[in-house]
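Data from final-v4.cif: mmCIF, C-alpha atoms
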```cif
data_input
loop_
_atom_site.label_atom_id
_atom_site.label_comp_id
_atom_site.auth_asym_id
_atom_site.auth_seq_id
_atom_site.Cartn_x
_atom_site.Cartn_y
_atom_site.Cartn_z
CA MET A 1 -5.13 -31.66 20.36
CA PRO A 2 -4.62 -28.74 22.69
CA CYS A 3 -2.08 -26.17 21.69
CA LYS A 4 0.82 -26.99 23.99
CA PRO A 5 4.07 -28.89 23.70
CA THR A 6 4.03 -32.62 23.45
CA PRO A 7 4.89 -33.78 26.97
CA THR A 8 8.56 -34.65 27.12
CA LYS A 9 11.07 -35.46 29.79
CA SER A 10 12.39 -31.95 29.64
CA ARG A 11 8.92 -30.53 30.20
CA ALA A 12 8.25 -32.94 33.01
CA SER A 13 11.31 -31.54 34.72
CA GLY A 14 9.97 -27.99 34.29
CA VAL A 15 12.00 -27.07 31.23
CA LEU A 16 10.02 -26.23 28.13
CA ALA A 17 10.76 -28.16 24.95
CA PRO A 18 10.47 -26.95 21.37
CA VAL A 19 7.17 -27.77 19.69
CA GLU A 20 7.42 -29.30 16.23
CA LEU A 21 4.37 -27.98 14.38
CA PRO A 22 2.47 -30.30 12.06
CA LYS A 23 2.69 -29.46 8.37
CA PRO A 24 0.23 -26.66 7.53
CA LYS A 25 -2.92 -28.21 6.12
CA TRP A 26 -6.51 -27.17 6.11
CA SER A 27 -9.74 -27.90 4.40
CA GLY A 28 -12.83 -25.78 4.21
CA GLY A 29 -10.85 -22.55 3.96
CA LYS A 30 -12.49 -19.86 1.91
CA SER A 31 -11.42 -18.24 -1.35
CA LEU A 32 -9.41 -15.06 -1.07
CA VAL A 33 -12.36 -12.95 -2.16
CA GLU A 34 -14.66 -14.58 0.39
CA SER A 35 -11.99 -14.12 3.09
CA LEU A 36 -11.76 -10.43 2.19
CA ARG A 37 -15.55 -10.16 2.39
CA ARG A 38 -15.48 -11.63 5.91
CA ARG A 39 -12.40 -9.77 7.14
CA GLN A 40 -13.18 -7.88 10.34
CA THR A 41 -11.89 -7.19 13.83
CA THR A 42 -13.57 -9.29 16.50
CA ARG A 43 -12.81 -8.44 20.13
CA GLU A 44 -15.12 -11.00 21.70
CA ILE A 45 -12.95 -14.11 21.85
CA SER A 46 -13.50 -17.21 23.97
CA ASP A 47 -10.95 -19.13 26.03
CA ARG A 48 -11.37 -22.26 23.89
CA LYS A 49 -7.96 -23.66 22.97
CA LEU A 50 -6.69 -23.80 19.40
CA PRO A 51 -5.85 -27.27 18.14
CA LEU A 52 -2.17 -27.58 17.29
CA GLN A 53 -2.99 -28.02 13.60
CA VAL A 54 -4.89 -24.72 13.60
CA LEU A 55 -2.00 -22.96 15.33
CA SER A 56 0.32 -24.41 12.73
CA ASN A 57 -1.88 -23.17 9.90
CA LEU A 58 -2.21 -19.75 11.52
CA LEU A 59 1.53 -19.24 11.93
CA TRP A 60 2.29 -20.46 8.43
CA ALA A 61 -0.32 -18.09 7.00
CA ALA A 62 1.13 -15.24 9.06
CA CYS A 63 4.76 -15.49 7.98
CA GLY A 64 5.61 -19.08 7.15
CA VAL A 65 7.96 -20.19 4.38
CA ASN A 66 6.12 -20.42 1.06
CA ARG A 67 9.12 -21.04 -1.22
CA ARG A 68 12.61 -22.30 -0.58
CA ASN A 69 14.16 -20.06 -3.23
CA GLY A 70 13.06 -16.58 -2.28
CA PRO A 71 14.72 -13.24 -3.05
CA PHE A 72 18.45 -12.84 -2.45
CA GLY A 73 19.03 -16.53 -1.83
CA VAL A 74 16.82 -16.60 1.26
CA PRO A 75 13.62 -18.64 1.60
CA GLY A 76 10.54 -16.53 0.89
CA ILE A 77 7.69 -16.13 3.36
CA THR A 78 4.01 -15.34 2.98
CA ALA A 79 4.53 -11.68 4.02
CA ALA A 80 6.80 -9.25 2.21
CA SER A 81 9.58 -7.50 4.16
CA ALA A 82 12.17 -4.84 3.38
CA SER A 83 14.82 -6.54 1.21
CA ASN A 84 13.42 -9.86 2.40
CA SER A 85 14.99 -9.16 5.80
CA GLN A 86 12.16 -10.99 7.61
CA GLU A 87 12.94 -8.74 10.53
CA ILE A 88 9.61 -9.26 12.31
CA GLU A 89 9.58 -12.14 14.76
CA LEU A 90 6.35 -13.60 16.00
CA PHE A 91 6.11 -14.64 19.63
CA VAL A 92 3.07 -16.58 20.78
CA ALA A 93 1.81 -16.19 24.34
CA MET A 94 -0.35 -19.08 25.46
CA GLN A 95 -1.71 -20.11 28.82
CA HIS A 96 1.34 -22.06 29.94
CA ALA A 97 4.21 -20.32 28.15
CA VAL A 98 5.52 -17.99 25.47
CA TYR A 99 7.20 -19.38 22.35
CA ARG A 100 8.91 -17.83 19.34
CA PHE A 101 7.85 -19.01 15.89
CA ASP A 102 10.80 -20.42 13.95
CA ALA A 103 9.43 -20.10 10.41
CA ARG A 104 12.33 -21.83 8.67
CA ASN A 105 11.80 -25.02 10.65
CA HIS A 106 8.07 -24.49 11.26
CA ARG A 107 8.31 -25.00 14.97
CA LEU A 108 7.92 -23.11 18.24
CA LEU A 109 10.96 -22.39 20.34
CA PRO A 110 10.34 -21.91 24.06
CA VAL A 111 10.99 -18.44 25.46
CA ILE A 112 9.56 -18.43 28.96
CA ALA A 113 7.13 -20.50 31.01
CA GLY A 114 4.06 -18.89 32.54
CA ASP A 115 1.03 -16.95 31.41
CA LEU A 116 2.01 -13.58 29.93
CA ARG A 117 -1.13 -13.16 27.86
CA SER A 118 -2.40 -10.15 29.76
CA MET A 119 0.82 -8.27 28.88
CA ALA A 120 0.16 -8.84 25.20
CA ILE A 121 -2.76 -6.42 25.38
CA GLY A 122 -2.28 -2.72 25.97
CA ARG A 123 -3.22 -1.05 29.22
CA GLY A 124 -6.74 0.20 28.89
CA GLN A 125 -7.52 -2.42 26.24
CA LYS A 126 -7.71 -5.37 28.58
CA SER A 127 -10.90 -7.35 28.75
CA MET A 128 -11.87 -10.99 28.90
CA VAL A 129 -9.76 -11.70 25.83
CA THR A 130 -6.76 -12.03 28.11
CA GLN A 131 -8.07 -15.60 28.38
CA ALA A 132 -8.02 -16.04 24.61
CA PRO A 133 -5.85 -19.00 23.61
CA ALA A 134 -3.19 -17.23 21.56
CA GLN A 135 -1.71 -13.77 21.74
CA LEU A 136 0.70 -13.04 18.92
CA ILE A 137 3.41 -10.57 19.88
CA TYR A 138 5.23 -8.67 17.11
CA VAL A 139 8.91 -8.05 17.79
CA VAL A 140 11.37 -6.41 15.39
CA ASP A 141 14.98 -7.51 15.16
CA LEU A 142 16.83 -4.39 14.00
CA HIS A 143 19.96 -6.39 13.33
CA ARG A 144 18.16 -8.45 10.72
CA LEU A 145 16.73 -5.32 9.15
CA THR A 146 20.18 -3.78 8.68
CA HIS A 147 21.96 -6.99 7.67
CA THR A 148 20.03 -8.38 4.73
CA ALA A 149 21.34 -10.15 1.67
CA GLY A 150 19.21 -7.84 -0.44
CA PHE A 151 19.23 -4.28 -1.69
CA GLU A 152 20.71 -1.60 0.51
CA GLU A 153 17.46 0.24 1.18
CA PRO A 154 17.78 4.03 1.20
CA GLY A 155 18.40 5.49 4.62
CA LEU A 156 18.33 2.10 6.28
CA HIS A 157 20.37 3.23 9.26
CA ASP A 158 18.05 6.15 9.95
CA PRO A 159 15.73 5.13 12.84
CA GLU A 160 12.82 6.92 11.17
CA VAL A 161 13.26 4.89 8.00
CA GLN A 162 13.61 1.73 10.03
CA LYS A 163 10.32 2.45 11.77
CA SER A 164 8.53 2.96 8.49
CA TYR A 165 9.77 -0.43 7.29
CA TYR A 166 9.19 -2.53 10.37
CA TYR A 167 5.74 -1.18 11.09
CA VAL A 168 4.65 -1.77 7.49
CA ASP A 169 6.13 -5.26 7.66
CA THR A 170 4.18 -5.87 10.88
CA GLY A 171 0.99 -4.89 9.07
CA LEU A 172 1.77 -7.25 6.21
CA ILE A 173 1.89 -10.18 8.64
CA ALA A 174 -1.10 -9.00 10.69
CA GLY A 175 -3.16 -8.76 7.51
CA ASN A 176 -2.43 -12.39 6.72
CA VAL A 177 -3.58 -13.30 10.21
CA TYR A 178 -6.83 -11.39 9.77
CA LEU A 179 -7.53 -13.12 6.47
CA PHE A 180 -6.63 -16.54 7.82
CA ALA A 181 -9.04 -15.96 10.70
CA ALA A 182 -11.77 -14.84 8.31
CA SER A 183 -11.13 -17.85 6.12
CA VAL A 184 -11.62 -20.47 8.85
CA GLY A 185 -14.10 -18.77 11.18
CA LEU A 186 -11.69 -17.57 13.86
CA ALA A 187 -11.70 -14.16 15.52
CA ALA A 188 -8.73 -11.78 15.38
CA TRP A 189 -7.94 -8.40 16.92
CA PHE A 190 -4.76 -6.38 16.38
CA HIS A 191 -3.94 -4.10 19.32
CA ASN A 192 -1.36 -2.46 21.52
CA CYS A 193 0.59 -4.40 24.10
CA ASP A 194 2.50 -3.66 27.26
CA ARG A 195 5.83 -3.06 25.55
CA ILE A 196 7.78 -2.36 28.71
CA ALA A 197 6.62 -5.40 30.65
CA LEU A 198 7.07 -7.73 27.67
CA SER A 199 10.52 -6.34 26.90
CA ARG A 200 11.59 -7.33 30.38
CA LYS A 201 10.06 -10.80 30.22
CA LEU A 202 10.82 -12.02 26.70
CA LYS A 203 14.61 -12.22 27.09
CA LEU A 204 15.13 -10.06 24.02
CA ARG A 205 18.45 -9.23 22.46
CA VAL A 206 19.59 -5.61 22.44
CA ALA A 207 18.46 -5.13 18.84
CA GLN A 208 14.91 -6.35 19.46
CA ARG A 209 11.85 -4.17 20.17
CA VAL A 210 8.33 -5.21 21.10
CA LEU A 211 5.78 -3.56 18.80
CA PHE A 212 2.18 -4.80 18.92
CA GLY A 213 -0.06 -7.71 19.85
CA GLN A 214 -2.79 -9.60 18.03
CA THR A 215 -5.27 -11.92 19.68
CA VAL A 216 -6.59 -14.96 17.86
CA GLY A 217 -9.17 -17.50 18.99
CA TYR A 218 -12.74 -18.66 18.55
CA PRO A 219 -15.41 -15.98 18.59
CA SER A 220 -17.33 -16.01 21.87
CA LYS A 221 -20.59 -14.76 20.36
CA MET B 1 -11.60 -2.04 -21.40
CA PRO B 2 -8.53 0.04 -20.74
CA CYS B 3 -8.12 1.51 -17.33
CA LYS B 4 -9.02 5.12 -17.96
CA PRO B 5 -12.06 7.30 -17.55
CA THR B 6 -15.00 6.88 -19.83
CA PRO B 7 -14.61 9.72 -22.32
CA THR B 8 -16.87 12.54 -21.33
CA LYS B 9 -17.38 16.11 -22.34
CA SER B 10 -15.40 17.25 -19.39
CA ARG B 11 -12.46 15.06 -20.37
CA ALA B 12 -12.66 16.23 -23.94
CA SER B 13 -12.22 19.73 -22.65
CA GLY B 14 -9.14 18.69 -20.68
CA VAL B 15 -10.80 18.30 -17.32
CA LEU B 16 -10.71 14.83 -15.80
CA ALA B 17 -13.96 13.22 -14.76
CA PRO B 18 -14.56 10.77 -11.91
CA VAL B 19 -14.45 7.10 -12.90
CA GLU B 20 -17.30 4.95 -11.65
CA LEU B 21 -15.75 1.55 -11.06
CA PRO B 22 -17.71 -1.57 -11.98
CA LYS B 23 -18.86 -3.70 -9.09
CA PRO B 24 -15.98 -5.93 -7.88
CA LYS B 25 -16.35 -9.34 -9.45
CA TRP B 26 -13.91 -12.01 -10.38
CA SER B 27 -13.78 -15.63 -11.29
CA GLY B 28 -10.82 -17.95 -11.22
CA GLY B 29 -9.39 -16.36 -8.09
CA LYS B 30 -7.50 -18.74 -5.86
CA SER B 31 -8.26 -19.89 -2.33
CA LEU B 32 -6.63 -17.94 0.46
CA VAL B 33 -4.16 -20.73 1.16
CA GLU B 34 -3.18 -20.96 -2.50
CA SER B 35 -2.83 -17.16 -2.65
CA LEU B 36 -0.54 -17.29 0.38
CA ARG B 37 1.50 -20.01 -1.29
CA ARG B 38 1.94 -17.82 -4.38
CA ARG B 39 2.53 -14.54 -2.53
CA GLN B 40 5.77 -12.94 -3.64
CA THR B 41 7.29 -9.68 -4.74
CA THR B 42 7.69 -9.38 -8.51
CA ARG B 43 9.64 -6.41 -9.85
CA GLU B 44 9.47 -7.35 -13.52
CA ILE B 45 6.18 -5.83 -14.61
CA SER B 46 5.03 -5.12 -18.15
CA ASP B 47 3.35 -2.00 -19.50
CA ARG B 48 0.18 -3.93 -20.39
CA LYS B 49 -2.86 -2.02 -19.17
CA LEU B 50 -5.19 -3.34 -16.48
CA PRO B 51 -8.80 -3.77 -17.58
CA LEU B 52 -11.12 -1.52 -15.57
CA GLN B 53 -12.76 -4.57 -13.97
CA VAL B 54 -9.37 -5.77 -12.71
CA LEU B 55 -8.56 -2.34 -11.32
CA SER B 56 -11.94 -2.34 -9.60
CA ASN B 57 -11.26 -5.75 -8.06
CA LEU B 58 -7.77 -4.71 -7.00
CA LEU B 59 -8.92 -1.56 -5.21
CA TRP B 60 -11.79 -3.33 -3.51
CA ALA B 61 -9.42 -6.05 -2.29
CA ALA B 62 -6.99 -3.41 -1.06
CA CYS B 63 -9.34 -1.37 1.10
CA GLY B 64 -12.85 -1.52 -0.31
CA VAL B 65 -16.04 -1.58 1.75
CA ASN B 66 -16.89 -5.14 2.80
CA ARG B 67 -19.76 -4.37 5.17
CA ARG B 68 -22.04 -1.39 5.57
CA ASN B 69 -22.26 -1.77 9.34
CA GLY B 70 -18.66 -1.73 10.50
CA PRO B 71 -17.24 -0.72 13.88
CA PHE B 72 -18.39 2.55 15.47
CA GLY B 73 -21.18 3.09 12.97
CA VAL B 74 -18.81 3.41 10.03
CA PRO B 75 -18.73 1.04 7.04
CA GLY B 76 -16.03 -1.60 7.42
CA ILE B 77 -13.29 -2.15 4.87
CA THR B 78 -11.17 -5.14 3.93
CA ALA B 79 -8.15 -3.81 5.88
CA ALA B 80 -8.17 -3.06 9.59
CA SER B 81 -7.22 0.44 10.79
CA ALA B 82 -6.74 2.10 14.16
CA SER B 83 -10.23 2.61 15.60
CA ASN B 84 -11.59 2.06 12.10
CA SER B 85 -10.23 5.49 11.19
CA GLN B 86 -9.50 4.38 7.62
CA GLU B 87 -6.79 7.00 7.60
CA ILE B 88 -4.85 5.58 4.67
CA GLU B 89 -5.91 6.93 1.30
CA LEU B 90 -4.98 5.16 -1.87
CA PHE B 91 -4.00 7.22 -4.87
CA VAL B 92 -3.56 5.51 -8.23
CA ALA B 93 -1.04 6.86 -10.73
CA MET B 94 -1.74 5.72 -14.27
CA GLN B 95 -0.38 6.78 -17.61
CA HIS B 96 -2.74 9.67 -18.16
CA ALA B 97 -3.55 10.85 -14.64
CA VAL B 98 -3.61 10.29 -10.90
CA TYR B 99 -6.86 9.46 -9.11
CA ARG B 100 -7.84 8.94 -5.49
CA PHE B 101 -9.82 5.82 -4.61
CA ASP B 102 -13.14 6.71 -2.98
CA ALA B 103 -13.88 3.41 -1.22
CA ARG B 104 -17.34 4.37 0.05
CA ASN B 105 -18.60 5.03 -3.46
CA HIS B 106 -16.22 2.61 -5.20
CA ARG B 107 -15.01 5.15 -7.70
CA LEU B 108 -11.91 7.08 -8.66
CA LEU B 109 -11.79 10.81 -8.12
CA PRO B 110 -9.44 12.76 -10.36
CA VAL B 111 -6.47 14.43 -8.70
CA ILE B 112 -4.21 15.59 -11.49
CA ALA B 113 -3.71 14.91 -15.18
CA GLY B 114 -0.39 13.67 -16.48
CA ASP B 115 1.97 10.77 -15.94
CA LEU B 116 3.40 10.81 -12.39
CA ARG B 117 4.21 7.10 -12.29
CA SER B 118 7.96 7.58 -12.08
CA MET B 119 7.50 9.62 -8.87
CA ALA B 120 5.71 6.71 -7.26
CA ILE B 121 8.98 4.77 -7.17
CA GLY B 122 11.84 5.80 -4.93
CA ARG B 123 15.03 7.29 -6.26
CA GLY B 124 17.46 4.47 -6.87
CA GLN B 125 14.59 2.00 -7.31
CA LYS B 126 13.50 3.15 -10.73
CA SER B 127 13.53 0.68 -13.57
CA MET B 128 11.26 -0.21 -16.45
CA VAL B 129 8.36 -0.66 -14.05
CA THR B 130 7.76 3.07 -14.26
CA GLN B 131 5.79 1.98 -17.34
CA ALA B 132 3.71 -0.45 -15.30
CA PRO B 133 0.00 0.34 -15.59
CA ALA B 134 -0.82 1.19 -11.98
CA GLN B 135 1.21 2.69 -9.20
CA LEU B 136 -0.62 2.77 -5.89
CA ILE B 137 0.46 5.64 -3.65
CA TYR B 138 -0.20 5.37 0.09
CA VAL B 139 -1.12 8.66 1.77
CA VAL B 140 -2.08 9.10 5.41
CA ASP B 141 -4.68 11.64 6.50
CA LEU B 142 -3.69 12.52 10.07
CA HIS B 143 -6.95 14.33 10.62
CA ARG B 144 -8.90 11.12 10.08
CA LEU B 145 -6.57 9.25 12.41
CA THR B 146 -7.19 11.68 15.25
CA HIS B 147 -10.91 12.15 14.63
CA THR B 148 -12.44 8.71 14.65
CA ALA B 149 -15.77 7.58 16.00
CA GLY B 150 -13.99 4.76 17.80
CA PHE B 151 -11.85 4.26 20.86
CA GLU B 152 -9.50 7.00 21.90
CA GLU B 153 -6.31 5.08 21.21
CA PRO B 154 -3.56 5.61 23.76
CA GLY B 155 -1.16 8.40 22.91
CA LEU B 156 -2.97 9.17 19.69
CA HIS B 157 -1.69 12.72 19.52
CA ASP B 158 1.92 11.61 19.90
CA PRO B 159 3.53 11.64 16.42
CA GLU B 160 5.46 8.48 17.25
CA VAL B 161 2.28 6.61 18.10
CA GLN B 162 0.63 7.97 14.98
CA LYS B 163 3.49 6.63 12.86
CA SER B 164 3.20 3.20 14.38
CA TYR B 165 -0.50 3.13 13.52
CA TYR B 166 -0.42 4.51 10.01
CA TYR B 167 2.52 2.44 8.86
CA VAL B 168 0.93 -0.76 10.19
CA ASP B 169 -2.32 0.24 8.50
CA THR B 170 -0.43 0.77 5.24
CA GLY B 171 0.96 -2.75 5.54
CA LEU B 172 -2.51 -4.17 6.12
CA ILE B 173 -3.67 -2.73 2.80
CA ALA B 174 -0.47 -3.59 0.94
CA GLY B 175 -0.79 -7.21 2.09
CA ASN B 176 -4.26 -7.41 0.59
CA VAL B 177 -2.83 -6.11 -2.68
CA TYR B 178 -0.08 -8.72 -2.65
CA LEU B 179 -2.58 -11.52 -2.06
CA PHE B 180 -4.98 -10.22 -4.68
CA ALA B 181 -2.12 -10.15 -7.18
CA ALA B 182 -1.10 -13.69 -6.23
CA SER B 183 -4.70 -14.82 -6.53
CA VAL B 184 -5.22 -13.63 -10.11
CA GLY B 185 -1.72 -13.90 -11.58
CA LEU B 186 -0.69 -10.26 -11.35
CA ALA B 187 2.68 -8.95 -10.18
CA ALA B 188 3.06 -6.61 -7.22
CA TRP B 189 5.96 -4.76 -5.64
CA PHE B 190 5.80 -2.53 -2.54
CA HIS B 191 8.50 0.16 -2.51
CA ASN B 192 9.57 3.64 -1.61
CA CYS B 193 8.37 6.65 -3.55
CA ASP B 194 9.52 10.19 -4.13
CA ARG B 195 7.65 11.69 -1.20
CA ILE B 196 8.73 15.26 -1.78
CA ALA B 197 7.84 15.37 -5.47
CA LEU B 198 4.50 13.65 -4.94
CA SER B 199 3.61 15.87 -2.00
CA ARG B 200 3.96 18.86 -4.29
CA LYS B 201 1.94 17.33 -7.11
CA LEU B 202 -0.95 15.56 -5.40
CA LYS B 203 -2.65 18.67 -4.03
CA LEU B 204 -2.65 17.25 -0.52
CA ARG B 205 -4.24 18.85 2.49
CA VAL B 206 -2.03 19.96 5.38
CA ALA B 207 -2.78 16.81 7.37
CA GLN B 208 -1.81 14.43 4.57
CA ARG B 209 1.58 12.72 4.15
CA VAL B 210 2.84 10.56 1.29
CA LEU B 211 4.22 7.26 2.60
CA PHE B 212 4.98 4.50 0.09
CA GLY B 213 4.22 3.18 -3.37
CA GLN B 214 3.20 -0.22 -4.73
CA THR B 215 3.35 -1.21 -8.37
CA VAL B 216 0.79 -3.61 -9.81
CA GLY B 217 0.55 -5.04 -13.31
CA TYR B 218 1.11 -8.11 -15.42
CA PRO B 219 4.39 -9.95 -14.95
CA SER B 220 6.76 -9.30 -17.85
CA LYS B 221 8.51 -12.67 -17.60
#
```
Using structure tokens, write down the structure from this file.
Amino acid sequence: MPCKPTPTKSRASGVLAPVELPKPKWSGGKSLVESLRRRQTTREISDRKLPLQVLSNLLWAACGVNRRNGPFGVPGITAASASNSQEIELFVAMQHAVYRFDARNHRLLPVIAGDLRSMAIGRGQKSMVTQAPAQLIYVVDLHRLTHTAGFEEPGLHDPEVQKSYYYVDTGLIAGNVYLFAASVGLAAWFHNCDRIALSRKLKLRVAQRVLFGQTVGYPSK
Amino acid sequence: MPCKPTPTKSRASGVLAPVELPKPKWSGGKSLVESLRRRQTTREISDRKLPLQVLSNLLWAACGVNRRNGPFGVPGITAASASNSQEIELFVAMQHAVYRFDARNHRLLPVIAGDLRSMAIGRGQKSMVTQAPAQLIYVVDLHRLTHTAGFEEPGLHDPEVQKSYYYVDTGLIAGNVYLFAASVGLAAWFHNCDRIALSRKLKLRVAQRVLFGQTVGYPSK
């Protein structure tokens, strides 16, 4: 099934609907050690669409809920974060629209219609992968980072400390994406993005900042 | 076998010797999906030593060489890095000494004798895990970051851009460590460290900066 919302009345009228993702489920995935052996950056990525089940698996692997009773009374996710703040939000730019991954409910919430994939790659890094089926966009929510139920991390209101946390936490998610891709034969590439253009388009709150992009799809070679 | 250098003449005379790590090899490791399901932060860690084979597996999973022909003519490692610069160095603080992981030769190079494990945890974060067997210390080498064989990344000489790269790259390694721990039943906790004290002790070059710590060992509960 192509990776786009189930047609609904609201979509027919031009308004995007949320996409309920199927439960994560995959067979044929590799062991961790084999996934680590195959982990690599692949920039040659085709325009072949990701089935919705694969997108579901990918997003769960990235930062989906893996236990209901996580630290500090908050559900835990597959990637660690400072005081379990889960301050990194994953947006997904596809051909027809951009969605935000709602990990708690394992669904995609519509952000904006249209093809913003070329903005998810940095200037000077663009190539044919702008036609790749999914561009993950990493966005930090500084409010979440400074309002956790967990430990008061040292220096948390210092922007330099904040940076060190949210960039590390981005890497923790991106690493899961790389390993997921290696495990199931997909290609992945972590890269810069057009932060200014995306910040204007993604209807962000004041506390949100666009950080990086990561392309995922089928290898073209 | 306990995780310490093979006794040698040089050690007997008080000088630490390099530790050749056994080839990475493990059985009973989980699938990637099962490792993601079990991924969590565990702060309760016992003082039980890691066998040398487990330490070898851990370091390979973190950022070991997984292909001789990686991007830009450089061997590839299990964690991505900006232009394959591999600018993050992993130091390992154990009870008797601190070593630096030499990924290319899969060995530990001695840095300093003595127990620096308590410095690898941030002030205010200390607890009984200072007795945990291995404290990984993340150190960036800015020279490597700015002298790669790969793409000239945009703004690479801007300290803000550098930060964004080396913190993400730290997270990419730390995520591998978390998943390795989940895969084999170890506990892992990524945390702050005493950057000032470690910077004085680790005999760093001018271009190196201490970033974070990560404790690994057997769960104590």
Restrict the distance test to all atoms listed in the file, flag each residue of chain A within 9 Å of chain B, and return the flagged residues as a PyMOL selection string. chain A and resi 26+29-41+61+65-67+70-71+76-80+82+122-124+154+163-176+178-180+183+190-192+211
Write out as a short mmCIF file (atom, residue, chain, number, x, y, z; two decimals) with C-alpha atoms, in the frame of the given file which residues come within 6 Å of B:Val92 when counting only C-alpha atoms, dropping same-chain ones fewer than 5 positions away.
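The result, written out as out05.cif:
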```
data_model
loop_
_atom_site.label_atom_id
_atom_site.label_comp_id
_atom_site.auth_asym_id
_atom_site.auth_seq_id
_atom_site.Cartn_x
_atom_site.Cartn_y
_atom_site.Cartn_z
CA VAL B 98 -3.61 10.29 -10.90
CA TYR B 99 -6.86 9.46 -9.11
CA GLN B 135 1.21 2.69 -9.20
CA LEU B 136 -0.62 2.77 -5.89
#
```
Taking the file as shown, find all residues satisfying the PyMOL selection byres ((chain B and resi 117) around 8) and write them as number ranges by chain. B: 93-95, 115-116, 118-121, 130-131, 134-135
Excluding B:Leu108 and residues on its chain fewer than 5 positions from it, collect all residues at most 12 Å away from it, counting only C-alpha atoms, and give them as a list in words.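 Once the nearby chain positions are removed, what remains is Cys3, Lys4, Pro5, Thr6, Leu16, Ala17, Pro18, Val19, Glu20, Leu21, Pro22, Leu52, Leu55, Ser56, Leu59, Trp60, Glu89, Leu90, Phe91, Val92, Ala93, Met94, Ala97, Val98, Tyr99, Arg100, Phe101, Asp102 and Ala103 of chain B.
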Resulting file, chosen residues, C-alpha atoms, as a PDB file, in the coordinates of the input:
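Output file again.pdb is given in full below:
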```
ATOM      1  CA  CYS B   3      -8.120   1.510 -17.330  1.00  0.00           C
ATOM      2  CA  LYS B   4      -9.020   5.120 -17.960  1.00  0.00           C
ATOM      3  CA  PRO B   5     -12.060   7.300 -17.550  1.00  0.00           C
ATOM      4  CA  THR B   6     -15.000   6.880 -19.830  1.00  0.00           C
ATOM      5  CA  LEU B  16     -10.710  14.830 -15.800  1.00  0.00           C
ATOM      6  CA  ALA B  17     -13.960  13.220 -14.760  1.00  0.00           C
ATOM      7  CA  PRO B  18     -14.560  10.770 -11.910  1.00  0.00           C
ATOM      8  CA  VAL B  19     -14.450   7.100 -12.900  1.00  0.00           C
ATOM      9  CA  GLU B  20     -17.300   4.950 -11.650  1.00  0.00           C
ATOM     10  CA  LEU B  21     -15.750   1.550 -11.060  1.00  0.00           C
ATOM     11  CA  PRO B  22     -17.710  -1.570 -11.980  1.00  0.00           C
ATOM     12  CA  LEU B  52     -11.120  -1.520 -15.570  1.00  0.00           C
ATOM     13  CA  LEU B  55      -8.560  -2.340 -11.320  1.00  0.00           C
ATOM     14  CA  SER B  56     -11.940  -2.340  -9.600  1.00  0.00           C
ATOM     15  CA  LEU B  59      -8.920  -1.560  -5.210  1.00  0.00           C
ATOM     16  CA  TRP B  60     -11.790  -3.330  -3.510  1.00  0.00           C
ATOM     17  CA  GLU B  89      -5.910   6.930   1.300  1.00  0.00           C
ATOM     18  CA  LEU B  90      -4.980   5.160  -1.870  1.00  0.00           C
ATOM     19  CA  PHE B  91      -4.000   7.220  -4.870  1.00  0.00           C
ATOM     20  CA  VAL B  92      -3.560   5.510  -8.230  1.00  0.00           C
ATOM     21  CA  ALA B  93      -1.040   6.860 -10.730  1.00  0.00           C
ATOM     22  CA  MET B  94      -1.740   5.720 -14.270  1.00  0.00           C
ATOM     23  CA  ALA B  97      -3.550  10.850 -14.640  1.00  0.00           C
ATOM     24  CA  VAL B  98      -3.610  10.290 -10.900  1.00  0.00           C
ATOM     25  CA  TYR B  99      -6.860   9.460  -9.110  1.00  0.00           C
ATOM     26  CA  ARG B 100      -7.840   8.940  -5.490  1.00  0.00           C
ATOM     27  CA  PHE B 101      -9.820   5.820  -4.610  1.00  0.00           C
ATOM     28  CA  ASP B 102     -13.140   6.710  -2.980  1.00  0.00           C
ATOM     29  CA  ALA B 103     -13.880   3.410  -1.220  1.00  0.00           C
TER      30      ALA B 103
END
```
Taking the file above as input, evaluate the PyMOL selection byres ((chain B and resi 203) around 12) and report the hits as a VMD selection string. chain B and resid 91 98 to 100 110 to 113 139 197 to 202 204 to 210
For the atom pair atom CA of A:Val15 and atom CA of A:Gly114, what is the interatomic distance in Å to one decimal place?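 Straight-line distance from atom CA of A:Val15 to atom CA of A:Gly114 works out to 11.5 Å.
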Expanded to explicit residues, what is the PyMOL selection byres ((chain B and resi 145-149) around 6) for this file, as a list in words? Phe72, Ser85, Glu87, Leu142, His143, Arg144 and Gly150 of chain B
So what do you get for atom CA of B:Lys221 versus atom CA of B:Glu44, distance-wise?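 Atom CA of B:Glu44 lies 6.8 Å from atom CA of B:Lys221.
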To test the calculation: enclose all listed atoms of stretch 61-71 of chain B in a box whose edges run along x, y and z, add 4 Å on each side, then state centre and edge lengths in Å to one decimal, as lines of an AutoDock Vina configuration file.
```
center_x = -14.6
center_y = -3.4
center_z = 5.8
size_x = 23.3
size_y = 13.3
size_z = 24.2
```
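From atom CA of A:Leu156 back to atom CA of A:Gln86, the distance works out to 14.5 Å.
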